[in-house]
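Containing compact mmCIF, C-alpha atoms and all ligand atoms: upload.txt.
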```txt
# COMPACT_ATOMS: atom_id res chain seq x y z
CA MET A 154 -110.19 -54.64 -45.28
CA ALA A 155 -112.81 -52.43 -46.94
CA ALA A 156 -114.56 -54.39 -49.70
CA GLN A 157 -113.78 -53.03 -53.15
CA SER A 158 -116.59 -52.27 -55.55
CA PRO A 159 -117.91 -55.50 -57.10
CA SER A 160 -116.41 -56.74 -60.34
CA PRO A 161 -118.34 -56.25 -63.58
CA ASP A 162 -121.53 -58.28 -63.90
CA GLY A 163 -120.85 -61.96 -64.35
CA LEU A 164 -117.21 -61.46 -63.31
CA GLU A 165 -116.48 -60.44 -66.91
CA GLY A 166 -112.73 -59.96 -67.32
CA VAL A 167 -111.91 -61.20 -63.79
CA VAL A 168 -109.06 -63.72 -63.52
CA ALA A 169 -110.10 -66.34 -60.95
CA ALA A 170 -107.44 -69.03 -61.48
CA HIS A 171 -104.11 -69.87 -63.08
CA THR A 172 -104.31 -73.08 -65.09
CA VAL A 173 -102.09 -75.24 -67.27
CA LEU A 174 -105.15 -76.86 -68.86
CA SER A 175 -106.46 -74.52 -71.55
CA GLU A 176 -106.40 -71.00 -72.90
CA VAL A 177 -109.22 -69.27 -74.79
CA ASP A 178 -107.92 -66.33 -76.84
CA GLY A 179 -111.09 -64.36 -77.61
CA GLN A 180 -109.44 -61.77 -79.84
CA ALA A 181 -107.50 -64.23 -81.99
CA GLY A 182 -110.23 -66.89 -81.92
CA ARG A 183 -107.77 -69.52 -80.69
CA LEU A 184 -108.12 -72.42 -78.24
CA ILE A 185 -105.08 -74.15 -76.71
CA ILE A 186 -105.46 -77.35 -74.62
CA ARG A 187 -102.33 -78.47 -72.69
CA GLY A 188 -100.05 -76.67 -75.15
CA CYS A 189 -101.76 -78.03 -78.28
CA SER A 190 -103.84 -75.91 -80.63
CA LEU A 191 -107.35 -77.15 -81.33
CA ASP A 192 -106.32 -77.85 -84.96
CA ASP A 193 -103.69 -80.31 -83.67
CA LEU A 194 -106.28 -82.13 -81.58
CA ALA A 195 -109.70 -82.12 -83.28
CA GLY A 196 -109.98 -85.07 -85.64
CA ARG A 197 -106.40 -86.13 -84.88
CA THR A 198 -106.59 -87.26 -81.23
CA SER A 199 -108.99 -89.74 -79.68
CA PHE A 200 -111.06 -88.67 -76.70
CA GLU A 201 -109.21 -91.26 -74.62
CA ALA A 202 -105.83 -89.73 -75.55
CA LEU A 203 -107.15 -86.21 -74.95
CA THR A 204 -108.43 -87.23 -71.50
CA GLY A 205 -104.98 -88.62 -70.73
CA LEU A 206 -103.46 -85.31 -71.86
CA LEU A 207 -105.80 -83.35 -69.57
CA PHE A 208 -105.18 -85.71 -66.63
CA ASP A 209 -101.39 -85.80 -67.06
CA GLY A 210 -99.72 -84.66 -63.84
CA PHE A 211 -102.95 -84.65 -61.84
CA PHE A 212 -103.30 -88.37 -61.14
CA PRO A 213 -100.15 -90.23 -59.95
CA ASP A 214 -101.34 -93.62 -61.27
CA LEU A 215 -102.29 -92.51 -64.79
CA PRO A 216 -101.74 -95.35 -67.34
CA GLU A 217 -100.14 -94.65 -70.76
CA ASP A 218 -103.39 -95.58 -72.56
CA LEU A 219 -106.70 -94.80 -70.83
CA THR A 220 -108.78 -96.86 -73.30
CA PRO A 221 -108.98 -100.09 -71.23
CA ALA A 222 -109.56 -98.28 -67.92
CA LEU A 223 -112.27 -96.06 -69.44
CA GLY A 224 -113.93 -99.12 -70.97
CA GLN A 225 -113.89 -100.80 -67.57
CA ALA A 226 -115.36 -97.65 -66.00
CA ARG A 227 -118.24 -97.70 -68.51
CA ALA A 228 -118.97 -101.29 -67.54
CA GLU A 229 -118.87 -100.40 -63.84
CA VAL A 230 -121.25 -97.43 -63.99
CA PHE A 231 -123.78 -99.33 -66.12
CA ALA A 232 -124.98 -100.97 -62.86
CA GLN A 233 -126.54 -97.61 -61.95
CA VAL A 234 -128.86 -97.83 -64.98
CA ALA A 235 -130.92 -100.33 -62.97
CA HIS A 236 -132.07 -97.29 -60.95
CA LEU A 237 -133.47 -95.55 -64.02
CA ASP A 238 -137.06 -96.03 -62.89
CA ALA A 239 -140.32 -94.89 -64.50
CA ASP A 240 -140.33 -91.64 -62.50
CA LEU A 241 -136.77 -90.72 -63.48
CA ALA A 242 -137.58 -91.54 -67.11
CA THR A 243 -140.19 -88.77 -67.10
CA ARG A 244 -137.53 -86.10 -66.39
CA THR A 245 -135.46 -84.30 -69.00
CA PRO A 246 -132.43 -86.33 -70.10
CA VAL A 247 -129.98 -84.03 -68.29
CA GLU A 248 -131.97 -84.28 -65.04
CA ALA A 249 -132.15 -88.08 -65.33
CA VAL A 250 -128.42 -88.32 -66.10
CA ARG A 251 -127.66 -86.00 -63.17
CA ALA A 252 -129.71 -88.17 -60.80
CA LEU A 253 -127.87 -91.31 -61.89
CA MET A 254 -124.48 -89.57 -61.61
CA ALA A 255 -125.41 -88.51 -58.06
CA ARG A 256 -125.48 -92.21 -57.13
CA LEU A 257 -121.74 -92.53 -57.78
CA GLU A 258 -119.71 -92.27 -54.59
CA ASP A 259 -117.49 -89.25 -54.06
CA GLY A 260 -113.72 -89.48 -54.09
CA ASP A 261 -110.76 -87.73 -55.65
CA ASP A 262 -108.81 -90.61 -57.19
CA LEU A 263 -108.41 -91.73 -60.82
CA ALA A 264 -110.98 -94.53 -60.55
CA THR A 265 -113.60 -92.00 -59.38
CA ALA A 266 -112.64 -89.58 -62.17
CA LEU A 267 -112.90 -92.28 -64.85
CA ARG A 268 -116.30 -93.41 -63.58
CA LEU A 269 -117.46 -89.80 -63.86
CA VAL A 270 -116.06 -89.50 -67.39
CA ALA A 271 -117.89 -92.74 -68.24
CA ALA A 272 -121.15 -91.76 -66.55
CA PRO A 273 -122.77 -89.33 -69.05
CA ALA A 274 -121.52 -91.55 -71.89
CA VAL A 275 -123.36 -94.58 -70.46
CA PHE A 276 -126.38 -92.91 -68.83
CA THR A 277 -127.39 -90.73 -71.79
CA PRO A 278 -127.99 -93.59 -74.28
CA ALA A 279 -129.82 -95.50 -71.54
CA VAL A 280 -132.12 -92.54 -70.76
CA VAL A 281 -132.77 -91.86 -74.46
CA ARG A 282 -133.62 -95.52 -75.13
CA VAL A 283 -135.88 -95.89 -72.08
CA GLN A 284 -137.69 -92.65 -73.03
CA ALA A 285 -138.18 -94.16 -76.51
CA GLY A 286 -139.62 -97.36 -75.01
CA GLN A 287 -136.48 -99.41 -75.64
CA THR A 288 -134.27 -101.31 -73.21
CA PRO A 289 -130.87 -99.90 -72.28
CA LEU A 290 -127.85 -101.63 -73.84
CA ALA A 291 -124.73 -102.52 -71.85
CA PRO A 292 -121.38 -101.00 -72.80
CA ASP A 293 -118.63 -103.01 -74.45
CA PRO A 294 -115.51 -102.33 -72.34
CA GLU A 295 -113.31 -103.44 -75.28
CA ALA A 296 -114.73 -100.79 -77.62
CA GLY A 297 -113.50 -97.25 -78.19
CA HIS A 298 -115.39 -94.63 -76.19
CA ALA A 299 -117.17 -92.87 -79.08
CA ALA A 300 -117.99 -96.13 -80.86
CA ASP A 301 -119.41 -97.61 -77.66
CA ILE A 302 -121.61 -94.56 -77.01
CA LEU A 303 -123.17 -94.82 -80.48
CA HIS A 304 -123.61 -98.58 -80.13
CA MET A 305 -125.36 -98.15 -76.76
CA LEU A 306 -127.57 -95.47 -78.36
CA HIS A 307 -128.53 -97.22 -81.61
CA GLY A 308 -127.97 -100.90 -80.85
CA ALA A 309 -125.84 -101.33 -83.96
CA PRO A 310 -122.25 -100.58 -84.93
CA ALA A 311 -121.86 -96.96 -86.08
CA ARG A 312 -120.29 -96.03 -89.44
CA PRO A 313 -116.63 -94.90 -89.24
CA GLU A 314 -117.56 -91.29 -90.11
CA GLU A 315 -120.10 -91.29 -87.28
CA VAL A 316 -117.54 -92.54 -84.75
CA ALA A 317 -115.00 -90.00 -86.03
CA GLY A 318 -117.61 -87.22 -85.81
CA LEU A 319 -118.52 -87.96 -82.20
CA ASP A 320 -114.88 -88.44 -81.18
CA THR A 321 -113.96 -85.09 -82.76
CA TYR A 322 -116.85 -83.44 -80.95
CA LEU A 323 -115.91 -84.86 -77.53
CA VAL A 324 -112.30 -83.69 -78.00
CA THR A 325 -113.38 -80.25 -79.26
CA VAL A 326 -115.62 -79.47 -76.27
CA SER A 327 -113.51 -81.22 -73.57
CA ASP A 328 -112.05 -78.07 -72.05
CA HIS A 329 -112.50 -74.33 -72.52
CA GLY A 330 -110.89 -72.20 -69.81
CA LEU A 331 -112.97 -71.00 -66.90
CA ASN A 332 -116.43 -71.28 -68.46
CA ALA A 333 -119.38 -71.27 -66.06
CA SER A 334 -119.59 -75.06 -65.61
CA THR A 335 -115.85 -75.49 -65.10
CA PHE A 336 -115.81 -72.61 -62.62
CA ALA A 337 -118.70 -74.25 -60.74
CA ALA A 338 -116.78 -77.53 -60.65
CA ARG A 339 -113.68 -75.74 -59.34
CA VAL A 340 -115.64 -73.95 -56.60
CA VAL A 341 -117.01 -77.26 -55.32
CA ALA A 342 -113.62 -78.99 -55.66
CA SER A 343 -112.04 -76.15 -53.65
CA THR A 344 -114.13 -77.16 -50.60
CA ARG A 345 -112.70 -80.71 -50.93
CA ALA A 346 -116.23 -82.06 -51.50
CA GLY A 347 -115.00 -84.64 -54.02
CA LEU A 348 -115.02 -85.23 -57.80
CA THR A 349 -118.62 -86.51 -58.00
CA SER A 350 -119.83 -83.34 -56.28
CA ALA A 351 -117.70 -81.23 -58.63
CA ALA A 352 -119.08 -83.04 -61.70
CA LEU A 353 -122.66 -82.55 -60.49
CA ALA A 354 -122.01 -78.82 -60.03
CA GLY A 355 -120.55 -78.62 -63.53
CA LEU A 356 -123.46 -80.51 -65.07
CA SER A 357 -125.99 -78.32 -63.28
CA ALA A 358 -124.34 -75.16 -64.60
CA LEU A 359 -123.98 -76.64 -68.10
CA LYS A 360 -127.75 -77.28 -68.23
CA GLY A 361 -128.60 -73.59 -68.61
CA PRO A 362 -129.62 -72.27 -72.08
CA LEU A 363 -127.02 -69.51 -71.88
CA HIS A 364 -124.33 -72.20 -71.62
CA GLY A 365 -124.55 -75.87 -72.56
CA GLY A 366 -128.30 -75.82 -72.99
CA ALA A 367 -128.00 -73.88 -76.25
CA PRO A 368 -127.57 -76.56 -78.96
CA GLY A 369 -131.05 -78.09 -78.60
CA PRO A 370 -132.78 -74.73 -79.23
CA VAL A 371 -130.61 -74.27 -82.37
CA ILE A 372 -132.51 -77.18 -83.94
CA GLU A 373 -135.81 -75.65 -82.82
CA MET A 374 -134.77 -72.37 -84.48
CA LEU A 375 -133.82 -74.10 -87.75
CA ASP A 376 -137.05 -76.09 -87.77
CA GLU A 377 -139.16 -72.97 -87.12
CA ILE A 378 -137.38 -71.06 -89.92
CA GLY A 379 -137.96 -74.03 -92.23
CA ALA A 380 -136.46 -72.55 -95.43
CA PRO A 381 -133.67 -70.07 -96.27
CA GLN A 382 -136.07 -67.40 -97.56
CA ASN A 383 -137.73 -67.24 -94.12
CA ALA A 384 -134.49 -66.69 -92.18
CA ARG A 385 -134.23 -62.91 -92.14
CA ALA A 386 -137.84 -62.29 -91.11
CA TRP A 387 -137.71 -64.95 -88.39
CA ILE A 388 -134.42 -63.63 -86.97
CA GLU A 389 -135.54 -60.00 -87.01
CA ALA A 390 -138.78 -60.91 -85.25
CA ALA A 391 -136.87 -62.89 -82.59
CA LEU A 392 -134.51 -59.99 -81.92
CA ALA A 393 -137.45 -57.59 -81.80
CA ARG A 394 -138.83 -59.80 -79.02
CA LYS A 395 -135.48 -59.32 -77.24
CA GLU A 396 -134.69 -63.03 -77.68
CA ARG A 397 -131.14 -64.36 -77.99
CA LEU A 398 -130.14 -66.34 -81.09
CA MET A 399 -128.88 -69.68 -79.80
CA GLY A 400 -125.47 -70.59 -81.22
CA PHE A 401 -124.28 -66.99 -81.48
CA GLY A 402 -122.35 -64.67 -79.20
CA HIS A 403 -119.81 -65.51 -76.54
CA ARG A 404 -118.42 -64.01 -73.35
CA ILE A 405 -114.82 -64.38 -74.54
CA TYR A 406 -114.79 -64.76 -78.34
CA ARG A 407 -115.07 -61.49 -80.22
CA VAL A 408 -114.47 -63.37 -83.46
CA ARG A 409 -115.71 -66.72 -84.76
CA ASP A 410 -115.40 -69.54 -82.19
CA PRO A 411 -112.69 -71.80 -83.70
CA ARG A 412 -114.66 -74.85 -82.61
CA ALA A 413 -117.45 -73.99 -85.05
CA ASP A 414 -115.15 -74.73 -87.98
CA ALA A 415 -113.53 -77.69 -86.21
CA LEU A 416 -117.00 -79.29 -86.18
CA LYS A 417 -117.96 -78.26 -89.73
CA GLY A 418 -115.69 -80.91 -91.21
CA PRO A 419 -117.41 -83.84 -89.48
CA VAL A 420 -120.81 -82.21 -90.11
CA ARG A 421 -120.10 -82.08 -93.84
CA ALA A 422 -118.77 -85.66 -93.84
CA LEU A 423 -121.96 -86.91 -92.19
CA ALA A 424 -124.20 -84.73 -94.37
CA ALA A 425 -122.68 -86.18 -97.55
CA ALA A 426 -124.71 -89.33 -96.96
CA THR A 427 -127.93 -87.30 -97.15
CA GLY A 428 -126.98 -84.83 -99.89
CA GLY A 429 -125.90 -81.94 -97.66
CA GLY A 430 -129.12 -79.94 -97.94
CA ARG A 431 -129.42 -79.48 -94.17
CA VAL A 432 -125.92 -78.02 -93.95
CA ALA A 433 -126.53 -75.64 -96.84
CA PHE A 434 -129.74 -74.48 -95.18
CA ALA A 435 -128.00 -73.99 -91.83
CA GLU A 436 -125.21 -72.02 -93.52
CA ALA A 437 -127.81 -69.73 -95.10
CA VAL A 438 -129.42 -69.16 -91.69
CA GLU A 439 -125.99 -68.52 -90.15
CA ALA A 440 -125.13 -65.94 -92.83
CA ALA A 441 -128.43 -64.12 -92.28
CA ALA A 442 -127.96 -64.20 -88.50
CA LEU A 443 -124.43 -62.79 -88.65
CA ASP A 444 -125.53 -60.01 -91.00
CA ILE A 445 -128.50 -59.01 -88.83
CA LEU A 446 -126.59 -59.30 -85.53
CA LYS A 447 -123.92 -56.95 -86.92
CA ALA A 448 -126.60 -54.30 -87.54
CA HIS A 449 -128.41 -55.17 -84.27
CA LYS A 450 -125.30 -54.78 -82.10
CA PRO A 451 -122.69 -52.79 -84.06
CA ASP A 452 -120.58 -52.29 -80.93
CA ARG A 453 -120.63 -55.95 -79.78
CA PRO A 454 -119.26 -58.60 -82.14
CA LEU A 455 -121.67 -61.54 -82.03
CA ASP A 456 -120.25 -64.41 -84.06
CA THR A 457 -121.06 -68.11 -84.43
CA ASN A 458 -120.18 -70.13 -81.34
CA VAL A 459 -119.58 -73.86 -80.85
CA GLU A 460 -123.26 -74.68 -80.38
CA PHE A 461 -124.47 -73.88 -83.89
CA TYR A 462 -122.60 -76.70 -85.64
CA THR A 463 -122.79 -78.88 -82.53
CA ALA A 464 -126.53 -78.99 -83.13
CA LEU A 465 -126.12 -80.16 -86.74
CA LEU A 466 -123.52 -82.78 -85.76
CA LEU A 467 -125.55 -84.28 -82.92
CA GLU A 468 -128.69 -84.23 -85.07
CA ALA A 469 -126.79 -86.15 -87.77
CA LEU A 470 -125.73 -88.70 -85.12
CA ALA A 471 -129.43 -89.09 -84.22
CA PHE A 472 -129.22 -87.87 -80.65
CA PRO A 473 -132.53 -86.22 -79.72
CA PRO A 474 -132.14 -82.43 -79.21
CA SER A 475 -133.32 -82.88 -75.62
CA ALA A 476 -130.13 -84.89 -74.96
CA PHE A 477 -127.65 -82.51 -76.64
CA THR A 478 -126.55 -81.04 -73.28
CA CYS A 479 -125.81 -84.55 -72.01
CA VAL A 480 -123.57 -85.16 -75.05
CA PHE A 481 -121.79 -81.87 -74.32
CA ALA A 482 -121.22 -83.21 -70.78
CA MET A 483 -119.72 -86.44 -72.20
CA GLY A 484 -116.80 -84.35 -73.45
CA ARG A 485 -116.64 -81.55 -70.87
CA VAL A 486 -116.57 -83.88 -67.87
CA ALA A 487 -112.94 -84.66 -68.70
CA GLY A 488 -112.14 -80.95 -68.32
CA TRP A 489 -114.15 -80.67 -65.10
CA MET A 490 -112.14 -83.56 -63.59
CA ALA A 491 -108.79 -82.08 -64.57
CA HIS A 492 -109.73 -78.61 -63.29
CA ALA A 493 -111.05 -80.10 -60.05
CA ARG A 494 -107.76 -81.90 -59.46
CA GLU A 495 -105.81 -78.76 -60.36
CA GLN A 496 -107.88 -76.82 -57.84
CA ILE A 497 -107.34 -79.46 -55.15
CA ALA A 498 -103.60 -79.61 -55.87
CA GLY A 499 -102.82 -75.95 -55.60
CA GLY A 500 -105.86 -73.81 -55.00
CA ARG A 501 -107.32 -72.49 -51.79
CA LEU A 502 -111.01 -72.43 -50.92
CA ILE A 503 -112.71 -70.19 -53.50
CA ARG A 504 -114.52 -67.52 -51.49
CA PRO A 505 -114.87 -64.04 -53.08
CA GLN A 506 -116.35 -61.08 -51.27
CA SER A 507 -119.58 -59.18 -51.88
CA VAL A 508 -120.63 -55.60 -51.16
CA TYR A 509 -123.72 -55.45 -48.94
CA VAL A 510 -126.28 -53.03 -50.37
CA GLY A 511 -129.24 -54.11 -48.21
CA PRO A 512 -130.89 -52.27 -45.31
CA VAL A 513 -128.90 -51.74 -42.12
CA PRO A 514 -130.51 -52.14 -38.66
CA ARG A 515 -131.17 -48.64 -37.21
CA GLN A 516 -128.88 -48.96 -34.18
CA ALA A 517 -126.00 -50.16 -36.38
CA ALA A 518 -126.19 -47.17 -38.73
C1 LIG B 601 -121.11 -71.87 -74.37
O1 LIG B 601 -117.77 -69.42 -71.60
C2 LIG B 601 -117.60 -70.44 -72.38
O2 LIG B 601 -116.50 -70.79 -72.74
C3 LIG B 601 -118.87 -71.17 -72.78
C4 LIG B 601 -118.69 -72.26 -73.84
C5 LIG B 601 -117.87 -73.41 -73.32
O3 LIG B 601 -117.24 -74.10 -74.14
O4 LIG B 601 -117.96 -73.70 -72.10
O5 LIG B 601 -118.08 -71.71 -74.99
C6 LIG B 601 -120.03 -72.87 -74.25
O6 LIG B 601 -121.79 -71.63 -73.41
C7 LIG B 601 -121.28 -71.13 -75.67
C8 LIG B 601 -122.45 -70.10 -75.63
C9 LIG B 601 -123.77 -70.87 -75.78
N1 LIG B 601 -124.90 -69.96 -75.57
C10 LIG B 601 -125.63 -69.47 -76.57
O7 LIG B 601 -125.41 -69.67 -77.77
C11 LIG B 601 -126.80 -68.62 -76.08
C12 LIG B 601 -126.85 -67.33 -76.89
N2 LIG B 601 -125.71 -66.51 -76.54
C13 LIG B 601 -125.93 -65.44 -75.56
O8 LIG B 601 -126.90 -65.67 -74.60
C14 LIG B 601 -124.64 -64.77 -75.09
O9 LIG B 601 -123.92 -64.47 -76.21
C15 LIG B 601 -123.77 -65.46 -74.06
C16 LIG B 601 -124.52 -65.84 -72.85
C17 LIG B 601 -123.12 -66.65 -74.65
C18 LIG B 601 -122.67 -64.46 -73.66
O10 LIG B 601 -123.31 -63.38 -73.13
P1 LIG B 601 -122.53 -62.21 -72.35
O11 LIG B 601 -121.07 -62.27 -72.57
O12 LIG B 601 -123.01 -62.18 -70.91
O13 LIG B 601 -123.03 -60.96 -73.12
P2 LIG B 601 -124.33 -60.14 -72.77
O14 LIG B 601 -125.45 -61.06 -72.37
O15 LIG B 601 -123.94 -59.05 -71.85
O16 LIG B 601 -124.72 -59.54 -74.22
C19 LIG B 601 -124.19 -58.30 -74.65
C20 LIG B 601 -125.26 -57.74 -75.60
C21 LIG B 601 -126.63 -57.78 -74.96
O17 LIG B 601 -127.38 -56.71 -75.47
P3 LIG B 601 -127.96 -55.59 -74.43
O18 LIG B 601 -128.76 -56.37 -73.40
O19 LIG B 601 -126.73 -54.95 -73.82
O20 LIG B 601 -128.80 -54.68 -75.27
O21 LIG B 601 -125.32 -58.58 -76.76
C22 LIG B 601 -126.62 -59.17 -76.84
C23 LIG B 601 -127.24 -59.08 -75.47
O22 LIG B 601 -128.65 -59.00 -75.57
N3 LIG B 601 -126.45 -60.59 -77.23
C24 LIG B 601 -127.24 -61.23 -78.09
C25 LIG B 601 -126.73 -62.53 -78.17
N4 LIG B 601 -125.67 -62.64 -77.36
C26 LIG B 601 -125.52 -61.43 -76.77
N5 LIG B 601 -128.32 -60.83 -78.80
C27 LIG B 601 -128.89 -61.77 -79.59
N6 LIG B 601 -128.45 -63.02 -79.71
C28 LIG B 601 -127.38 -63.45 -79.03
N7 LIG B 601 -126.96 -64.70 -79.15
```
Take the structure from the file and write it as structure tokens.
Amino acid sequence: MAAQSPSPDGLEGVVAAHTVLSEVDGQAGRLIIRGCSLDDLAGRTSFEALTGLLFDGFFPDLPEDLTPALGQARAEVFAQVAHLDADLATRTPVEAVRALMARLEDGDDLATALRLVAAPAVFTPAVVRVQAGQTPLAPDPEAGHAADILHMLHGAPARPEEVAGLDTYLVTVSDHGLNASTFAARVVASTRAGLTSAALAGLSALKGPLHGGAPGPVIEMLDEIGAPQNARAWIEAALARKERLMGFGHRIYRVRDPRADALKGPVRALAAATGGGRVAFAEAVEAAALDILKAHKPDRPLDTNVEFYTALLLEALAFPPSAFTCVFAMGRVAGWMAHAREQIAGGRLIRPQSVYVGPVPRQAA
């Protein structure tokens, strides 16, 4: 069959899978996960319940409540922290977490999936603490997932609004259609390589600054701007240098990413303890950015995406910006596992075509 002309760059607009997991409506600015709107889930459903919702139908032995099994999985993967040696501790947090995740054996059953959901949640606090000269803290299998993450990070019980903020974040970013990291996970799952391999592919794709690597640079941008009166000049200079504003624009959303506002609630709740000045400053920067981007790209709506308020939330929870991508992975890994199982259940090997535009040997011409 003659190869058709290649799809638009980046497969924009190409449908590569049918899924029951989530729908991203870019025109309406709406996210649906397993038939529930984001508003019904964020702040109302625990990450454990959301993971069960995503996994429903894809694992025959799925328990009613995943909390005990996920707690047990956190305890199991903590053994890998012993391999967080001095060399690994010199890497970026996402590279160190990826190396520890790679030690988990491959498989495609629920126990493997839960260990992979637990892995970034356990390895990230350990890496952050070791890089700060502290000893890693073991998980408490009896605790809730978000509460245990914060306890492993800070060594003390988190305040209720902190636990609620992290739980809301993990639910909000758990699944988002066929984004680059989920597509990468599905491609690897389609070869039957196993769930650990699929999670490693997803994490590697997520690491990029165009994708899950964006929230850390949002903090750098805010810190460089420093005060609201500097925002316009800083933004215009960045765009003049052909730089991208982290936290803005999206391949699918042509309006505001609904997750930005889903996270603003927890951000405001956490900011109340410190007077809210940081949020007010960020909102001023956001307003300036939206105004300038509209003039910069009149034909391409560039609105706030999930990463802008993610950065403020994770900063308020005292994760270092270098670990923000790892926290993103703590939520998204649940989506990667569900998509991998969906791909295994019904999909074929993912193998698109390409059009060869290179030189042709003379005799073959
Ligand atoms: C995530 O797909 C998902 O669902 C991803 C995600 C998920 O949950 O998995 O939602 C998570 O990755 C959110 C996005 C995080 N990334 C950032 O915030 C980085 C900044 N954003 C951009 O790099 C960009 O908007 C992308 C990568 C997110 C989307 O880019 P596209 O769809 O490939 O669009 P494009 O690069 O073709 O841009 C179109 C034009 C370009 O101008 P020209 O080169 O044609 O002149 O818009 C410009 C871009 O330069 N543009 C921006 C911009 N985003 C696009 N200009 C300045 N700042 C930006 N943020």
Contacts of ligand LIG 601 (chain B), 7 Å or closer, only C-alpha atoms and all ligand atoms, given as a PyMOL selection string: chain A and resi 163+326+328-334+362-365+367+392+396-405+446+450+453+455+458-460
Which residues of stretch 336-367 of chain A come within 9 Å of stretch 493-500 of chain A, and for each one, what is the closest pair of atoms and their distance in Å to one decimal, counting all atoms listed in the file, sorted by chain and residue number, as JSON lines?
```
{"residue": "A:Ala338", "atom": "CA", "partner": "A:Ala493", "partner_atom": "CA", "distance": 6.3}
{"residue": "A:Arg339", "atom": "CA", "partner": "A:Ala493", "partner_atom": "CA", "distance": 5.1}
{"residue": "A:Val340", "atom": "CA", "partner": "A:Gln496", "partner_atom": "CA", "distance": 8.4}
{"residue": "A:Val341", "atom": "CA", "partner": "A:Ala493", "partner_atom": "CA", "distance": 8.1}
{"residue": "A:Ala342", "atom": "CA", "partner": "A:Ala493", "partner_atom": "CA", "distance": 5.2}
{"residue": "A:Ser343", "atom": "CA", "partner": "A:Ile497", "partner_atom": "CA", "distance": 5.9}
{"residue": "A:Thr344", "atom": "CA", "partner": "A:Ile497", "partner_atom": "CA", "distance": 8.5}
{"residue": "A:Arg345", "atom": "CA", "partner": "A:Ile497", "partner_atom": "CA", "distance": 6.9}
{"residue": "A:Gly347", "atom": "CA", "partner": "A:Ala493", "partner_atom": "CA", "distance": 8.5}
{"residue": "A:Leu348", "atom": "CA", "partner": "A:Ala493", "partner_atom": "CA", "distance": 6.9}
{"residue": "A:Ala351", "atom": "CA", "partner": "A:Ala493", "partner_atom": "CA", "distance": 6.9}
{"residue": "A:Ala352", "atom": "CA", "partner": "A:Ala493", "partner_atom": "CA", "distance": 8.7}
```
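Between A:Ala296 and the residues A:Ala346, A:Leu203, A:Leu223, A:Ala274, the shortest atom-to-atom distance, using only C-alpha atoms, involves A:Leu223.
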If you count all atoms listed in the file, which residues fall within 10 Å of A:Ile388, apart from same-chain ones fewer than 3 positions away, as a list in words?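 Once the nearby chain positions are removed, what remains is Met374, Ile378, Asn383, Ala384, Arg385, Ala391, Leu392, Ala393, Arg394, Glu396, Arg397, Leu398, Val438, Ala441, Ala442, Ile445 and Leu446 of chain A.
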In Å, rounded to a single decimal, give me how far atom CA of A:Ala169 is from atom CA of A:Ile503.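 For atom CA of A:Ile503 relative to atom CA of A:Ala169, the distance reads 8.8 Å.
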What lies within 9 Å of A:Gln233 using only C-alpha atoms, ignoring chain neighbours under 4 positions off, as a VMD selection string? chain A and resid 229 237 253 to 254 256 to 257 276
Skipping near chain neighbours, those fewer than 3 positions away, what residues fall within 12 Å of A:Ser190 using all atoms listed in the file, listed as an MDAnalysis selection string? chainID A and resid 174:178 182:187 193:195 197:198 324:325 329 411:412 415
Closest to A:Asp218 among A:Phe231, A:Gly260, A:Ala202, A:Gly179, using only C-alpha atoms? A:Ala202
Would you compute an axis-aligned box for stretch 379-397 of chain A, covering every atom listed for it in the file with 3 Å of margin on each side, and report centre and edge lengths in Å to one decimal as AutoDock Vina command-line options?
```
--center_x -135.0 --center_y -65.8 --center_z -87.4 --size_x 13.7 --size_y 22.4 --size_z 26.3
```
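The interatomic distance for the pair atom CA of A:Leu423 and atom CA of A:Ala471 works out to 11.1 Å.
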Which residues are close to A:Leu467, i.e. within 12 Å by only C-alpha atoms, leaving aside same-chain residues fewer than 3 positions away? Reply as a CSV table (one decimal) with C-alpha atoms, in the coordinates of the input.
```csv
chain,number,residue,atom,x,y,z
A,303,LEU,CA,-123.2,-94.8,-80.5
A,315,GLU,CA,-120.1,-91.3,-87.3
A,316,VAL,CA,-117.5,-92.5,-84.8
A,318,GLY,CA,-117.6,-87.2,-85.8
A,319,LEU,CA,-118.5,-88.0,-82.2
A,320,ASP,CA,-114.9,-88.4,-81.2
A,321,THR,CA,-114.0,-85.1,-82.8
A,322,TYR,CA,-116.8,-83.4,-81.0
A,323,LEU,CA,-115.9,-84.9,-77.5
A,368,PRO,CA,-127.6,-76.6,-79.0
A,369,GLY,CA,-131.0,-78.1,-78.6
A,371,VAL,CA,-130.6,-74.3,-82.4
A,372,ILE,CA,-132.5,-77.2,-83.9
A,416,LEU,CA,-117.0,-79.3,-86.2
A,417,LYS,CA,-118.0,-78.3,-89.7
A,419,PRO,CA,-117.4,-83.8,-89.5
A,420,VAL,CA,-120.8,-82.2,-90.1
A,423,LEU,CA,-122.0,-86.9,-92.2
A,424,ALA,CA,-124.2,-84.7,-94.4
A,460,GLU,CA,-123.3,-74.7,-80.4
A,461,PHE,CA,-124.5,-73.9,-83.9
A,462,TYR,CA,-122.6,-76.7,-85.6
A,463,THR,CA,-122.8,-78.9,-82.5
A,464,ALA,CA,-126.5,-79.0,-83.1
A,470,LEU,CA,-125.7,-88.7,-85.1
A,471,ALA,CA,-129.4,-89.1,-84.2
A,472,PHE,CA,-129.2,-87.9,-80.6
A,473,PRO,CA,-132.5,-86.2,-79.7
A,474,PRO,CA,-132.1,-82.4,-79.2
A,475,SER,CA,-133.3,-82.9,-75.6
A,476,ALA,CA,-130.1,-84.9,-75.0
A,477,PHE,CA,-127.6,-82.5,-76.6
A,478,THR,CA,-126.6,-81.0,-73.3
A,479,CYS,CA,-125.8,-84.6,-72.0
A,480,VAL,CA,-123.6,-85.2,-75.0
A,481,PHE,CA,-121.8,-81.9,-74.3
```
